[in-house]
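Participant: One structure, as structure tokens, below. Some questions next.
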Amino acid sequence: MANASQMALFATLFMPLVAGIWVLVFSRTDRAIRWSSILFSLVPLVLSAWLMLTYDRDAGELYGEISAPWIPMLNSNFRIAVDGLSLPLIFLTTLLSTLSLYYSARTIRTRVREYFVMFHLLELSMLGVFMALDYVLFYLFWEVSLVPMYLLIGIWGGQNRSYASIKFFIYTLVGSVAMLLAILLTYLATGTFDILMAAEAQPFMQLDDHNRLLLGSLAFWGFFLGFAFKVPSFPFHTWLPDAHTEAPTAGSVILAGVLLKLGAYGFLRIVLPTFPEASQHWAWAVIAVGAVAIVYGAFVCVAQSDLKRLIAYSSVSHMGYVMLGIGAASLVLTPDGLDAVAGKFSDAVTSGQIYDSAVMALNGATLQMFNHGIITGALFLLVGIIYERAHTRDLSKFGGLSAKTPYFYGIMLVTAFASLGLPGLAGFWAEFFTFRGAFAIVPIWAAFGTIGIVMTAVYILWRIIQNVFLGEYDGTKLDHWTDVDGRPADGPTDMVFFEKLTLWPLVIGMFVIGIYPTWLLSFFNTASVRLITFIIGPS
Amino acid sequence: MNPIFDLTWLVPLPPAVACALIILVTNRHKSLSSVIAIAGVAVSLVIGWAVAFSAFVDHGLAHHPVNATLFTIPTGRTDIDVGYALDPANALMLFMVPFLLVMIFIYARGYMTFPHHLKAADFPEAHAEGKDPRYSRFMAYISLFAVGMLGLVTSNNLITFFVFWEIMGLCSYLLIGFWFEKESAKKAAFKAFVTTRIGDALLFIGMMVLYIVSEPSSLSFADLFSEDNLYELGRTYANLGFREVTWVSIITFLILCGTIGKSAQFPLHVWLPDAMEGPTPVSAMIHAATMVSAGVFLLIRMYPLFDRALHLNSTTTYLVAGVGAFTALFAATIAMAQWDVKRVLAYSTISQLGYMVAALGIGAYVAALFHLLTHAFFKALLFLGSGSVIHGMEHGHEHAHGHDSDADGHASELIQRPDGSLDPNDPQDMRNMGGLLRRMPVTGWTFIIGGLALSGFPIITAGFWSKDEILAVAFEENSLVFLALAIAAFCTAFYTMRQMALTFFNRGRTEAADHASESTRSMTVPLILISFFAITLGWIGIPAAFPVLGPIGNNWLGHFLEPFMEVIHIHVLHPEFNFVPLLVSIAVALGGLGLGWLVYGKGLPPGETDPMYRAMGPIWQIFHRKYFVDELYDATVVRFSNFVSSFCASIDSRWIIDPLVNLVGKAGVWLSVLAAAADHLLVDGLVNLTANFMRWCGGVLTQLQDGKVQAYLVIAMVVLSIWVVLVGMPIVLTLV
């Protein structure tokens, strides 16, 4: 007998599939396709919100768990559940999906049916990854997510779409192969495809030190490649600017908002708990790519001339915080590592404080995943809004838009400042906790990362705000403006109702999390504490 | 405890509500928006003063400061407590900040008329109303600014302090760049934000370190300033590789960096003079009530750490004193050679903030806080006064040249002069002014009051008392600092007299000056109210030993703060009363004013260069060009960062990373081609070769089977013959 949470979880996962089939088979007109898509997508949104509200955040147990035999000869089960880590990300997925569908309903005009079917399929696969507790299921959803995004870029994308979509597909596929090998290795070591049971079993524990580390490292690097390509962490990031630049607006929103999080989620769900020793051994690599990505990404942003490409690189920089947080926490995943770090930094710092610092680093990383989702999602929507009108993203073609489009400017300003980590808006708390954790564990890398704080301000304010919005409006720079529906216009026109409606939930989110982070953070905090406690035991 | 103290957390709230209301609801109604904004800060003023005055009479507060939690943020197994604090130090700020904010807001209501750099045709409605087209937005921004400062003052922990600190950074960005059509304004806004953010990033690191090494791990002021924690921070060392340094030195250094950015101290002072691009009420806010005061207030808030460092003889405290004293002198010399009426004040702000920082570097906690308060009042007065002057000049310009000249407004040609080029229509250039006292008496007299307070005119002005107290401590603690500050005080008095003389005295040098008119009441009334405090506020801190006046005033400020200082473990200084610094203080103030009067008192005839330029030549030019610091930064920091950006971008997409990815992709394609070729040539080739061979064989053999019986017979015969020969031959041979 299924209880309410199980049913809600099951419905959240498969409603996009139902929607996809409905749209494919039963909707006759484009109008019906659009409206039924939006309405269907509200169901998982409401259900995931309900799941968040009813979840016991202090206990942090699995919630809505469903487990059924699936492929018995592989010992693989259909096991899904959520906890404090995945629940907010699921909500993020359903929210961004609904907003993207709503935005696409007005802006996608070709091959409408295929587009919406692909989008529902995409949502299904992303939700599946966040819920799956079985490696086979996880891998299945992981791979499925590639196809719709490939088609979204390849069919509805910009001019260079075939290069970008192939690059995206092949790049992530290479990572997937590495991950598949690591999954098989884990399976051979533990005899189960269950993610949590494999972590409980701690693969390779029975081997001697040398072999244990060797095989653990093999598995770690397999997963690392799979996840780091997806994050994407420096230096595996160059598919991202191309994919973003070519993808349709809603595709970029989902790509930046959710797909990148799958990689980081994989580290937290699989790598850290299952291979703590190898994670600790290779933590410096994760830390290094994270810190370098923060600074390097920010510098690269400054030199961009394409608005969308700039924001794509800002994702590289911002996901660097996630990697830095994860890496810092990884470094102290064993009691020995904890003590080593505690002694190194200062006599004043005890291992108990480092333990809390590791939790804070993870809190920062997870919060950054969520915040980056809403902030960068909003940024890509804003770029889409201006692209629909100007049909260019060349920064040198803009200037002085704030006088012409004050509403657009206002929303952009809030989002941009949220992105640069202004206190009072969402981005700050993530940076704060990431750095708080990282400074206690790897102070030099963290100090290096703070260069990113300054450079983020430079590219956001100089390249975006100043270049696009401030100054005197010059009508000669760009003379073929249209309104949002493609009709010719005299100059830039301000946001219309549907665009405002798409952005307001995200803007409200930035304010709410910025002013009162406690509620959202309590999900992640319990999950992080449980994760750390699971690995090194209570401090 | 007084129940009124529980209202402290409400102080930042009304402007926040006002800001939201203006943006979401009333943004189309300019006048209403300004009323809402003023009402917002007025409510804050009422609550703030209720709290502050209750605190002034409550003797228990010093021993039991208010520290309350509003909500918590989880951090692993512990929490961050977010709440508010009230103690004598921030009670004094709650007296100063909301009052000045209300004055500035009322002033802004009158000041934000249709700006001259905009074309009337672009904004017909706003022009008809006579108000700035973005009047409501301005009101919303300054309300948010007020939230930032009031929230910062009432914070009980460093995290929310930093949150509000950065919100002020945002507001300064928005407001300095408020007239963003102007190229200079948008650059100034960017410069202000990024420059202060460099300081903020270092402060952020400092916060992190402090958070980590404190026991208990916390950023709440109450936890940080416990005796144990202060002691431990001074006792434990960080190993920096080359030497061991106490944590308290590292932390205070990083906090100082935050102040250097926010309070525009050398070497991060470059943003503040450019911040003059904002509308004048903003300048008054930034320079007096909010932004830059926040930097000094940070030092005051964190002073237990600095006091600890002072007692350990840490290098950091010498740095604090050195940065402050150097900046005080450095900026004062620049101010002597500026022409823009607001720029002079900007450098004087930098210089005066240097006094406060220097005072904190030598342990003069009370004196620094005292000077922070008095300076806020007289500097707000001076800025608002200069705004009124600019308005008057603009009116005079309109009157003299008619409204039509607006269209080509600033297109007028610059006059090249050896002491700096001059725009004859610039309403801010003091060379275009003169004789304004007769045209604008209220502005003029209040400005003179502010100017005298700034120059420390003895006994009657507030600036004298606070500056004297700093000099008195400096005389005992550090003679080098004393010397620098005394010279700076002389320069201050000199450039203040120069400014007053060039602006208000003698005869006008342009038609605009001759036709300038007094500003509206909404602007002059705040001037009068503030000038009251610019004089009287000094009386709260008259040293008890001062002849005649001392026993009357009885140093109320010192008595109010000292018990609290002991509670947070700050060493209380009791400088011996000494006539030397007092006389020096009086001498430099009067001497500077006197010399200024001698040089500029008789007026500067139109077209004549600055007499000091004639006297000093190249040295004056160095002052005038601000020691070329901006040029230096452009040539080094800015260029370097741009270089790194384009270098990284090239690595990314042109040189290394993406080419490598594409190379791998291409290699994959080549490999495929190769495999395909191999498949075609070798694998398939072998198969085909076999097949072809067979076919060839078949072809050859087919020709044999052509159906001609004769041929078959011939072949049969030939084969038979051969067989016969082959078989028969050996037999024949054996026979033979």
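Naming works like this for the structure tokens: A, B, ... for the chains as they're shown, residue 1 at the start of each chain, ligands 1 onward in shown order.
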Up to 7 Å from chain A, what residues of chain B turn up? Count only C-alpha atoms and give them as JSON, numbers by chain.
Facilitator: {"B": [72, 73, 74, 75, 76, 77, 163, 166, 167, 180, 181, 182, 183, 186, 190, 194, 197, 198, 201, 208, 212, 213, 236, 237, 238, 644, 645, 646, 648, 649, 657, 658]}
Participant: Compile the contact shell of A:Ala293 as a ChimeraX atom specification: residues with an atom at most 7 Å away, counting only C-alpha atoms, same-chain residues fewer than 6 positions apart removed.
Facilitator: /A:233-234,316-317,320
Participant: Could you save those same residues with C-alpha atoms as a short mmCIF file (atom, residue, chain, number, x, y, z; two decimals), in the first residue's frame?
Facilitator:
data_model
loop_
_atom_site.label_atom_id
_atom_site.label_comp_id
_atom_site.auth_asym_id
_atom_site.auth_seq_id
_atom_site.Cartn_x
_atom_site.Cartn_y
_atom_site.Cartn_z
CA SER A 233 34.83 21.71 -14.60
CA PHE A 234 37.93 23.32 -16.00
CA VAL A 316 32.14 27.83 -15.58
CA SER A 317 33.31 30.28 -12.95
CA GLY A 320 33.94 26.35 -9.76
#
Participant: Show me, as a count of residues only, the residues that have an atom within 9 Å of A:Asn77 when counting only C-alpha atoms, minus same-chain residues fewer than 3 positions from it.
Facilitator: 13
Participant: Need to verify the contact set: stretch 40-52 of chain A, 10 Å, only C-alpha atoms, exclusion of same-chain residues closer than 2 positions in sequence. Can you return it as a PDB file with N, CA and C atoms, in the first residue's frame?
Facilitator:
ATOM      1  N   ALA A   4       1.218   8.599   0.667  1.00  0.00           N
ATOM      2  CA  ALA A   4       1.067   9.807  -0.153  1.00  0.00           C
ATOM      3  C   ALA A   4       2.398  10.265  -0.738  1.00  0.00           C
ATOM      4  N   SER A   5       3.462  10.195   0.070  1.00  0.00           N
ATOM      5  CA  SER A   5       4.731  10.707  -0.428  1.00  0.00           C
ATOM      6  C   SER A   5       5.267   9.842  -1.579  1.00  0.00           C
ATOM      7  N   GLN A   6       5.038   8.518  -1.452  1.00  0.00           N
ATOM      8  CA  GLN A   6       5.489   7.641  -2.543  1.00  0.00           C
ATOM      9  C   GLN A   6       4.744   7.938  -3.829  1.00  0.00           C
ATOM     10  N   MET A   7       3.425   8.136  -3.666  1.00  0.00           N
ATOM     11  CA  MET A   7       2.639   8.424  -4.865  1.00  0.00           C
ATOM     12  C   MET A   7       3.057   9.755  -5.475  1.00  0.00           C
ATOM     13  N   ALA A   8       3.291  10.723  -4.594  1.00  0.00           N
ATOM     14  CA  ALA A   8       3.684  12.045  -5.093  1.00  0.00           C
ATOM     15  C   ALA A   8       5.006  11.950  -5.851  1.00  0.00           C
ATOM     16  N   LEU A   9       5.932  11.196  -5.288  1.00  0.00           N
ATOM     17  CA  LEU A   9       7.243  11.078  -5.925  1.00  0.00           C
ATOM     18  C   LEU A   9       7.125  10.373  -7.280  1.00  0.00           C
ATOM     19  N   PHE A  10       6.343   9.295  -7.265  1.00  0.00           N
ATOM     20  CA  PHE A  10       6.167   8.543  -8.495  1.00  0.00           C
ATOM     21  C   PHE A  10       5.513   9.414  -9.571  1.00  0.00           C
ATOM     22  N   ALA A  11       4.492  10.156  -9.145  1.00  0.00           N
ATOM     23  CA  ALA A  11       3.791  11.014 -10.100  1.00  0.00           C
ATOM     24  C   ALA A  11       4.698  12.129 -10.596  1.00  0.00           C
ATOM     25  N   THR A  12       5.524  12.667  -9.700  1.00  0.00           N
ATOM     26  CA  THR A  12       6.460  13.720 -10.116  1.00  0.00           C
ATOM     27  C   THR A  12       7.368  13.205 -11.220  1.00  0.00           C
ATOM     28  N   LEU A  13       7.842  11.992 -11.027  1.00  0.00           N
ATOM     29  CA  LEU A  13       8.798  11.450 -11.995  1.00  0.00           C
ATOM     30  C   LEU A  13       8.133  11.171 -13.333  1.00  0.00           C
ATOM     31  N   PHE A  14       6.953  10.574 -13.315  1.00  0.00           N
ATOM     32  CA  PHE A  14       6.415  10.086 -14.580  1.00  0.00           C
ATOM     33  C   PHE A  14       5.387  11.008 -15.230  1.00  0.00           C
ATOM     34  N   MET A  15       4.997  12.060 -14.533  1.00  0.00           N
ATOM     35  CA  MET A  15       4.063  12.968 -15.171  1.00  0.00           C
ATOM     36  C   MET A  15       4.638  13.567 -16.453  1.00  0.00           C
ATOM     37  N   PRO A  16       5.930  13.924 -16.495  1.00  0.00           N
ATOM     38  CA  PRO A  16       6.474  14.417 -17.763  1.00  0.00           C
ATOM     39  C   PRO A  16       6.338  13.395 -18.890  1.00  0.00           C
ATOM     40  N   LEU A  17       6.443  12.107 -18.553  1.00  0.00           N
ATOM     41  CA  LEU A  17       6.290  11.075 -19.580  1.00  0.00           C
ATOM     42  C   LEU A  17       4.859  11.059 -20.107  1.00  0.00           C
ATOM     43  N   VAL A  18       3.927  11.123 -19.157  1.00  0.00           N
ATOM     44  CA  VAL A  18       2.521  11.189 -19.544  1.00  0.00           C
ATOM     45  C   VAL A  18       2.295  12.403 -20.434  1.00  0.00           C
ATOM     46  N   ALA A  19       2.849  13.523 -19.995  1.00  0.00           N
ATOM     47  CA  ALA A  19       2.682  14.756 -20.768  1.00  0.00           C
ATOM     48  C   ALA A  19       3.248  14.586 -22.167  1.00  0.00           C
ATOM     49  N   GLY A  20       4.421  13.963 -22.243  1.00  0.00           N
ATOM     50  CA  GLY A  20       5.048  13.774 -23.541  1.00  0.00           C
ATOM     51  C   GLY A  20       4.179  12.931 -24.458  1.00  0.00           C
ATOM     52  N   TRP A  22       0.958  12.422 -24.185  1.00  0.00           N
ATOM     53  CA  TRP A  22      -0.262  13.177 -24.463  1.00  0.00           C
ATOM     54  C   TRP A  22      -0.020  14.152 -25.619  1.00  0.00           C
ATOM     55  N   VAL A  23       1.062  14.903 -25.498  1.00  0.00           N
ATOM     56  CA  VAL A  23       1.365  15.906 -26.518  1.00  0.00           C
ATOM     57  C   VAL A  23       1.612  15.229 -27.856  1.00  0.00           C
ATOM     58  N   TRP A  35      -0.527  24.515 -24.392  1.00  0.00           N
ATOM     59  CA  TRP A  35      -1.240  24.628 -23.123  1.00  0.00           C
ATOM     60  C   TRP A  35      -1.217  23.335 -22.339  1.00  0.00           C
ATOM     61  N   SER A  36      -1.375  22.236 -23.011  1.00  0.00           N
ATOM     62  CA  SER A  36      -1.354  20.997 -22.237  1.00  0.00           C
ATOM     63  C   SER A  36       0.034  20.755 -21.660  1.00  0.00           C
ATOM     64  N   SER A  37       1.072  21.156 -22.383  1.00  0.00           N
ATOM     65  CA  SER A  37       2.426  21.006 -21.838  1.00  0.00           C
ATOM     66  C   SER A  37       2.585  21.794 -20.554  1.00  0.00           C
ATOM     67  N   ILE A  38       2.156  23.050 -20.603  1.00  0.00           N
ATOM     68  CA  ILE A  38       2.317  23.892 -19.415  1.00  0.00           C
ATOM     69  C   ILE A  38       1.512  23.326 -18.254  1.00  0.00           C
ATOM     70  N   THR A  54       6.469  18.948   3.171  1.00  0.00           N
ATOM     71  CA  THR A  54       6.146  17.904   4.135  1.00  0.00           C
ATOM     72  C   THR A  54       7.370  17.126   4.594  1.00  0.00           C
ATOM     73  N   TYR A  55       8.519  17.422   4.008  1.00  0.00           N
ATOM     74  CA  TYR A  55       9.733  16.679   4.357  1.00  0.00           C
ATOM     75  C   TYR A  55      10.210  17.066   5.751  1.00  0.00           C
ATOM     76  N   ASP A  56      10.641  16.078   6.500  1.00  0.00           N
ATOM     77  CA  ASP A  56      11.180  16.352   7.830  1.00  0.00           C
ATOM     78  C   ASP A  56      12.647  16.761   7.689  1.00  0.00           C
ATOM     79  N   ARG A  57      12.889  18.081   7.752  1.00  0.00           N
ATOM     80  CA  ARG A  57      14.230  18.578   7.435  1.00  0.00           C
ATOM     81  C   ARG A  57      15.238  18.298   8.537  1.00  0.00           C
ATOM     82  N   TYR A  63      12.856   9.837   1.670  1.00  0.00           N
ATOM     83  CA  TYR A  63      11.452  10.216   1.664  1.00  0.00           C
ATOM     84  C   TYR A  63      10.814   9.703   0.387  1.00  0.00           C
ATOM     85  N   GLY A  64       9.614   9.131   0.537  1.00  0.00           N
ATOM     86  CA  GLY A  64       8.863   8.661  -0.630  1.00  0.00           C
ATOM     87  C   GLY A  64       9.549   7.518  -1.347  1.00  0.00           C
ATOM     88  N   VAL A  82      13.906  10.459  -2.306  1.00  0.00           N
ATOM     89  CA  VAL A  82      14.544  11.773  -2.221  1.00  0.00           C
ATOM     90  C   VAL A  82      15.022  12.002  -0.805  1.00  0.00           C
ATOM     91  N   ASP A  83      15.949  12.945  -0.654  1.00  0.00           N
ATOM     92  CA  ASP A  83      16.348  13.399   0.676  1.00  0.00           C
ATOM     93  C   ASP A  83      16.654  14.902   0.598  1.00  0.00           C
ATOM     94  N   GLY A  84      17.257  15.408   1.647  1.00  0.00           N
ATOM     95  CA  GLY A  84      17.492  16.853   1.703  1.00  0.00           C
ATOM     96  C   GLY A  84      18.385  17.362   0.595  1.00  0.00           C
ATOM     97  N   LEU A  87      15.922  16.845  -2.945  1.00  0.00           N
ATOM     98  CA  LEU A  87      14.600  17.462  -2.989  1.00  0.00           C
ATOM     99  C   LEU A  87      14.629  18.900  -3.523  1.00  0.00           C
ATOM    100  N   PRO A  88      15.500  19.758  -3.001  1.00  0.00           N
ATOM    101  CA  PRO A  88      15.525  21.119  -3.566  1.00  0.00           C
ATOM    102  C   PRO A  88      15.907  21.123  -5.045  1.00  0.00           C
ATOM    103  N   LEU A  89      16.768  20.189  -5.440  1.00  0.00           N
ATOM    104  CA  LEU A  89      17.179  20.152  -6.838  1.00  0.00           C
ATOM    105  C   LEU A  89      16.032  19.678  -7.720  1.00  0.00           C
ATOM    106  N   ILE A  90      15.207  18.789  -7.177  1.00  0.00           N
ATOM    107  CA  ILE A  90      14.030  18.354  -7.925  1.00  0.00           C
ATOM    108  C   ILE A  90      13.053  19.506  -8.078  1.00  0.00           C
ATOM    109  N   PHE A  91      12.878  20.246  -7.007  1.00  0.00           N
ATOM    110  CA  PHE A  91      12.013  21.415  -7.107  1.00  0.00           C
ATOM    111  C   PHE A  91      12.557  22.399  -8.136  1.00  0.00           C
ATOM    112  N   LEU A  92      13.869  22.605  -8.097  1.00  0.00           N
ATOM    113  CA  LEU A  92      14.498  23.487  -9.094  1.00  0.00           C
ATOM    114  C   LEU A  92      14.202  23.000 -10.509  1.00  0.00           C
ATOM    115  N   THR A  93      14.301  21.680 -10.710  1.00  0.00           N
ATOM    116  CA  THR A  93      14.049  21.117 -12.030  1.00  0.00           C
ATOM    117  C   THR A  93      12.623  21.372 -12.483  1.00  0.00           C
ATOM    118  N   THR A  94      11.672  21.088 -11.606  1.00  0.00           N
ATOM    119  CA  THR A  94      10.276  21.259 -12.018  1.00  0.00           C
ATOM    120  C   THR A  94       9.954  22.726 -12.228  1.00  0.00           C
ATOM    121  N   LEU A  95      10.530  23.580 -11.390  1.00  0.00           N
ATOM    122  CA  LEU A  95      10.265  25.015 -11.541  1.00  0.00           C
ATOM    123  C   LEU A  95      10.815  25.525 -12.862  1.00  0.00           C
ATOM    124  N   LEU A  96      12.084  25.224 -13.116  1.00  0.00           N
ATOM    125  CA  LEU A  96      12.685  25.725 -14.353  1.00  0.00           C
ATOM    126  C   LEU A  96      12.022  25.105 -15.575  1.00  0.00           C
ATOM    127  N   SER A  97      11.580  23.857 -15.456  1.00  0.00           N
ATOM    128  CA  SER A  97      10.896  23.231 -16.584  1.00  0.00           C
ATOM    129  C   SER A  97       9.598  23.959 -16.901  1.00  0.00           C
ATOM    130  N   THR A  98       8.816  24.220 -15.870  1.00  0.00           N
ATOM    131  CA  THR A  98       7.553  24.915 -16.100  1.00  0.00           C
ATOM    132  C   THR A  98       7.806  26.292 -16.723  1.00  0.00           C
ATOM    133  N   LEU A  99       8.751  27.024 -16.144  1.00  0.00           N
ATOM    134  CA  LEU A  99       9.022  28.364 -16.669  1.00  0.00           C
ATOM    135  C   LEU A  99       9.528  28.291 -18.102  1.00  0.00           C
ATOM    136  N   LEU A 101       8.918  25.942 -20.306  1.00  0.00           N
ATOM    137  CA  LEU A 101       7.819  25.581 -21.203  1.00  0.00           C
ATOM    138  C   LEU A 101       6.933  26.798 -21.461  1.00  0.00           C
ATOM    139  N   TYR A 102       6.683  27.549 -20.401  1.00  0.00           N
ATOM    140  CA  TYR A 102       5.841  28.731 -20.554  1.00  0.00           C
ATOM    141  C   TYR A 102       6.514  29.740 -21.481  1.00  0.00           C
ATOM    142  N   HIS A 120       9.606  17.432 -22.420  1.00  0.00           N
ATOM    143  CA  HIS A 120       9.070  16.566 -21.363  1.00  0.00           C
ATOM    144  C   HIS A 120       9.999  15.390 -21.107  1.00  0.00           C
ATOM    145  N   GLU A 123      12.795  16.595 -18.993  1.00  0.00           N
ATOM    146  CA  GLU A 123      12.427  16.756 -17.586  1.00  0.00           C
ATOM    147  C   GLU A 123      12.377  15.394 -16.884  1.00  0.00           C
ATOM    148  N   LEU A 127      14.748  14.470 -13.629  1.00  0.00           N
ATOM    149  CA  LEU A 127      14.138  14.054 -12.356  1.00  0.00           C
ATOM    150  C   LEU A 127      14.590  12.648 -11.995  1.00  0.00           C
ATOM    151  N   LEU A 520      15.868  27.026   3.077  1.00  0.00           N
ATOM    152  CA  LEU A 520      16.477  26.199   2.043  1.00  0.00           C
ATOM    153  C   LEU A 520      17.741  25.523   2.572  1.00  0.00           C
ATOM    154  N   PHE A 523      17.581  22.151   4.503  1.00  0.00           N
ATOM    155  CA  PHE A 523      17.575  20.899   3.739  1.00  0.00           C
ATOM    156  C   PHE A 523      19.014  20.420   3.520  1.00  0.00           C
TER     157      PHE A 523
END
Participant: Go through stretch 36-178 of chain A and collect every residue that DSSP, computed from the backbone, puts in helix (DSSP H, G or I); the answer should be as a VMD selection string.
Facilitator: chain A and resid 36 to 54 72 to 74 86 to 107 112 to 131 135 to 156 161 to 178
Participant: Quick one: residues within 8 Å of B:Thr195, only C-alpha atoms counted, chain neighbours fewer than 5 positions away excluded, as a list in words?
Facilitator: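 So the residues in contact are Gly261, Leu268, Val270 and Trp271 of chain B.
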Participant: Would you mind listing what lies within 8 Å of B:Thr349 as a PyMOL selection string, with only C-alpha atoms counted and same-chain residues fewer than 3 positions away left out?
Facilitator: chain B and resi 287+345-346+352-353+379
Participant: Find the residues near A:Val332: any atom within 10 Å, counting only C-alpha atoms, skip ones fewer than 3 places away on the same chain, and give them as JSON, numbers by chain.
Facilitator: {"A": [276, 277, 279, 280, 281, 283, 327, 328, 329, 335, 336, 337, 338, 339, 340, 341, 342, 351, 354, 355, 357, 358, 441, 532, 535, 536]}
Participant: For C-alpha atoms, I'd like the residues from the last selection saved as a PDB file, in the first residue's frame.
Facilitator:
ATOM      1  CA  PRO A 276      35.878   8.448   0.618  1.00  0.00           C
ATOM      2  CA  GLU A 277      39.460   7.331   0.694  1.00  0.00           C
ATOM      3  CA  SER A 279      38.131  11.114  -2.851  1.00  0.00           C
ATOM      4  CA  GLN A 280      40.407  12.322  -0.140  1.00  0.00           C
ATOM      5  CA  HIS A 281      43.470  11.152  -2.004  1.00  0.00           C
ATOM      6  CA  ALA A 283      40.744  15.960  -3.436  1.00  0.00           C
ATOM      7  CA  GLY A 327      36.888  19.304  -3.008  1.00  0.00           C
ATOM      8  CA  ALA A 328      37.470  20.998   0.330  1.00  0.00           C
ATOM      9  CA  ALA A 329      35.046  18.663   2.044  1.00  0.00           C
ATOM     10  CA  PRO A 335      39.508  11.055  10.681  1.00  0.00           C
ATOM     11  CA  ASP A 336      43.222  11.183   9.831  1.00  0.00           C
ATOM     12  CA  GLY A 337      42.631  13.791   7.173  1.00  0.00           C
ATOM     13  CA  LEU A 338      40.568  15.771   9.629  1.00  0.00           C
ATOM     14  CA  ASP A 339      43.314  15.852  12.205  1.00  0.00           C
ATOM     15  CA  ALA A 340      45.992  16.600   9.640  1.00  0.00           C
ATOM     16  CA  VAL A 341      44.150  19.675   8.407  1.00  0.00           C
ATOM     17  CA  ALA A 342      43.243  20.801  11.900  1.00  0.00           C
ATOM     18  CA  SER A 351      39.243  18.841  14.316  1.00  0.00           C
ATOM     19  CA  ILE A 354      37.170  21.344  10.630  1.00  0.00           C
ATOM     20  CA  TYR A 355      34.311  18.874  10.722  1.00  0.00           C
ATOM     21  CA  SER A 357      33.840  23.504   8.095  1.00  0.00           C
ATOM     22  CA  ALA A 358      33.481  20.481   5.841  1.00  0.00           C
ATOM     23  CA  ILE A 441      40.657  23.481   4.959  1.00  0.00           C
ATOM     24  CA  ILE A 532      29.894  13.712   6.625  1.00  0.00           C
ATOM     25  CA  ILE A 535      31.719   8.843   6.164  1.00  0.00           C
ATOM     26  CA  ILE A 536      33.730   9.779   9.222  1.00  0.00           C
TER      27      ILE A 536
END
Participant: Kindly indicate which residue among B:Ala188, B:Leu681, B:Ile80, B:Ala146 lies nearest to B:Pro15, using only C-alpha atoms for the distances.
Facilitator: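 Checking each of B:Ala188, B:Leu681, B:Ile80, B:Ala146 against B:Pro15, counting only C-alpha atoms, the winner is B:Ala146.
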Participant: As an exercise, work out the distance from atom CA of A:Leu324 to atom CA of A:Thr376 in Å and give it to one decimal place.
Facilitator: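 Pair atom CA of A:Leu324 / atom CA of A:Thr376 returns 18.8 Å.
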Participant: Which distance in Å separates atom CA of B:Glu413 and atom CA of B:Gln621, to one decimal?
Facilitator: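 Rounded to one decimal, the two atoms are 22.2 Å apart.
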Participant: Give the answer as one residue: which of A:Ile33, A:Leu382, A:Tyr187, A:Met412 has the shortest atom-to-atom distance to A:Ala201, using only C-alpha atoms?
Facilitator: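 Using only C-alpha atoms, A:Ala201 sits closest to A:Tyr187.
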Participant: Among stretch 186-372 of chain B, which ones does DSSP place in strand (DSSP E or B), written as a list of chain:residue names?
Facilitator: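 The residues of stretch 186-372 of chain B classed as strand (DSSP E or B) are B:Ser220, B:Tyr237, B:Ala238, B:Asn239, B:Glu244, B:Val245, B:Thr246, B:Asp340.
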